[in-house]
Amino acid sequence: MWKVTAIACAYLLGAIHVEALQARTIHLANADSNYVLGLCYMNAQRYDDARAAFAAEFQVPADSAPAYLFLGTMLQHANLPELAADQARKALQISPTLPLAHFMLGEIYLFKSDVNHAMEEFEQERRLNPTYAPLYDRLGDVYTRVGKLQEAQEALTKAISLDTSSTGPFIQMGKVLLRRQDPQTSIMYLKHAEKMDPGNFITHTLLAQAYRKVGQEDEAKRETDLASKIHADEQLKLQPVD
């Protein structure tokens, strides 16, 4: 994907050569040109131009809060968190009640392990966007990290009530209940997570701990073995191919 995108960028940004002319149709046939152009501008670190291209794609003004927030989202996906945070802050300067801007800032702070600032941003998002399920998953994570287990459990209960299709809150709830010395209920949530995603290493690791706490050593050993196998398989996939 990146090789073709790079070629398309060379064409779209004016560096036309034979290879670009041969490959441009392949890429542009599979994606909207404004979106591709935005990615190319990002690659060239022309972020104002990237914002304008993405804005044209989604038919919003280039200087609007949503345009800044969308560029921030793309920068976050590109592992450029500081630049993403700048765009989210600019979006909030234009529209202080814009949904998801505080959420983005919270995620960036959480990525940097700045838990206190993450909590502040997530709580601000909750006031603006109280029915957004992923927010409560993140709040559950933050409260768990600072040892506020009751608040974490309440946030995760809300996350699950808003969206039962996401595995993360069930796993996080299992972890919280383990720390609250309730392994039996923890097992219930973790088994549900296991049904949703049988290949999750963390789920099996936590299940092993929970079974061990209730004295079910055979089940604990089975889950430990499963976790070890999944972990080994994942490491094998990460090894470079000669």
# chains A, B, ... in the order shown; residues from 1 in each chain; ligands from 1
>>> residues_around(residues="Arg222 of chain A", least_positions_apart="3", cutoff="12 Å", atoms="only C-alpha atoms", output="PyMOL selection string")
chain A and resi 204-205+207-209+211-212+216-219+225-229
>>> write_last_selection(atoms="C-alpha atoms", output="PDB file, in the first residue's frame")
ATOM      1  CA  HIS A 204      -6.343 -15.997  28.875  1.00  0.00           C
ATOM      2  CA  THR A 205      -3.681 -14.610  31.220  1.00  0.00           C
ATOM      3  CA  LEU A 207      -8.508 -16.079  33.300  1.00  0.00           C
ATOM      4  CA  ALA A 208      -5.574 -18.147  34.568  1.00  0.00           C
ATOM      5  CA  GLN A 209      -5.175 -15.755  37.500  1.00  0.00           C
ATOM      6  CA  TYR A 211      -9.182 -19.586  38.152  1.00  0.00           C
ATOM      7  CA  ARG A 212      -6.167 -19.886  40.414  1.00  0.00           C
ATOM      8  CA  GLN A 216      -9.534 -24.335  39.901  1.00  0.00           C
ATOM      9  CA  GLU A 217      -5.962 -25.328  39.112  1.00  0.00           C
ATOM     10  CA  ASP A 218      -6.734 -27.445  36.029  1.00  0.00           C
ATOM     11  CA  GLU A 219      -8.582 -24.556  34.379  1.00  0.00           C
ATOM     12  CA  ASP A 225      -0.982 -22.907  28.318  1.00  0.00           C
ATOM     13  CA  LEU A 226      -3.325 -21.158  25.902  1.00  0.00           C
ATOM     14  CA  ALA A 227      -1.836 -17.764  26.750  1.00  0.00           C
ATOM     15  CA  SER A 228       1.689 -19.114  26.236  1.00  0.00           C
ATOM     16  CA  LYS A 229       0.764 -20.610  22.863  1.00  0.00           C
TER      17      LYS A 229
END
>>> residues_around(residues="segment 49-58 of chain A", least_positions_apart="3", cutoff="10 Å", atoms="only C-alpha atoms", output="count of residues only")
28
>>> closest_residue(among="A:His102, A:His231, A:Arg138, A:Lys221", to="Pro169 of chain A", atoms="only C-alpha atoms")
A:Arg138
>>> residues_around(residues="Ala65 of chain A", least_positions_apart="4", cutoff="8 Å", atoms="only C-alpha atoms", output="PDB file with N, CA and C atoms, in the first residue's frame")
ATOM      1  N   LEU A  69      -9.850  18.760  13.495  1.00  0.00           N
ATOM      2  CA  LEU A  69      -9.943  17.515  14.253  1.00  0.00           C
ATOM      3  C   LEU A  69      -9.678  16.306  13.351  1.00  0.00           C
ATOM      4  N   LYS A  90      -6.449  23.296  18.452  1.00  0.00           N
ATOM      5  CA  LYS A  90      -6.923  24.326  17.527  1.00  0.00           C
ATOM      6  C   LYS A  90      -8.409  24.149  17.254  1.00  0.00           C
ATOM      7  N   ALA A  91      -8.839  22.893  17.127  1.00  0.00           N
ATOM      8  CA  ALA A  91     -10.270  22.623  16.914  1.00  0.00           C
ATOM      9  C   ALA A  91     -11.095  23.133  18.094  1.00  0.00           C
ATOM     10  N   LEU A  92     -10.591  22.935  19.313  1.00  0.00           N
ATOM     11  CA  LEU A  92     -11.316  23.379  20.504  1.00  0.00           C
ATOM     12  C   LEU A  92     -11.307  24.897  20.640  1.00  0.00           C
ATOM     13  N   ILE A  94     -11.628  26.894  18.179  1.00  0.00           N
ATOM     14  CA  ILE A  94     -12.686  27.336  17.272  1.00  0.00           C
ATOM     15  C   ILE A  94     -14.058  26.946  17.805  1.00  0.00           C
ATOM     16  N   SER A  95     -14.160  25.728  18.338  1.00  0.00           N
ATOM     17  CA  SER A  95     -15.444  25.202  18.813  1.00  0.00           C
ATOM     18  C   SER A  95     -15.220  24.458  20.130  1.00  0.00           C
ATOM     19  N   LEU A  98     -16.858  20.980  20.709  1.00  0.00           N
ATOM     20  CA  LEU A  98     -16.742  19.973  19.647  1.00  0.00           C
ATOM     21  C   LEU A  98     -16.541  18.575  20.240  1.00  0.00           C
TER      22      LEU A  98
END
>>> residues_around(residues="segment 189-199 of chain A", least_positions_apart="4", cutoff="8 Å", atoms="only C-alpha atoms", output="VMD selection string")
chain A and resid 167 to 168 170 to 171 173 to 174 185 203 to 204 206 to 207 230
>>> write_last_selection(atoms="C-alpha atoms", output="short mmCIF file (atom, residue, chain, number, x, y, z; two decimals), in the first residue's frame")
data_model
loop_
_atom_site.label_atom_id
_atom_site.label_comp_id
_atom_site.auth_asym_id
_atom_site.auth_seq_id
_atom_site.Cartn_x
_atom_site.Cartn_y
_atom_site.Cartn_z
CA THR A 167 -14.13 -6.82 23.82
CA GLY A 168 -12.00 -4.25 25.65
CA PHE A 170 -15.11 -6.90 29.29
CA ILE A 171 -11.38 -7.61 29.62
CA MET A 173 -13.77 -5.30 33.89
CA GLY A 174 -12.27 -8.73 34.51
CA THR A 185 -17.50 -12.44 38.70
CA THR A 203 -7.88 -12.56 28.36
CA HIS A 204 -6.34 -16.00 28.88
CA LEU A 206 -6.32 -12.97 33.41
CA LEU A 207 -8.51 -16.08 33.30
CA ILE A 230 -0.89 -17.40 21.66
#
>>> closest_residue(among="A:Asp233, A:Glu123, A:Ala155, A:Ala78", to="Asp141 of chain A", atoms="only C-alpha atoms")
A:Ala155
>>> atom_distance(atom1="atom CA of Ala133 of chain A", atom2="atom CA of Arg179 of chain A")
23.0 Å
>>> closest_residue(among="A:Glu121, A:Leu110, A:Ser161, A:Thr144", to="Ala88 of chain A", atoms="only C-alpha atoms")
A:Glu121
>>> closest_residue(among="A:Leu156, A:Val176, A:Leu162, A:Leu83", to="Asp48 of chain A", atoms="only C-alpha atoms")
A:Leu83
>>> select_by_dssp(residues="segment 20-237 of chain A", states="alpha helix (DSSP H)", output="number ranges by chain")
A: 20-28, 33-43, 47-58, 65-77, 81-94, 101-111, 115-128, 133-145, 149-162, 168-179, 183-196, 201-213, 217-237
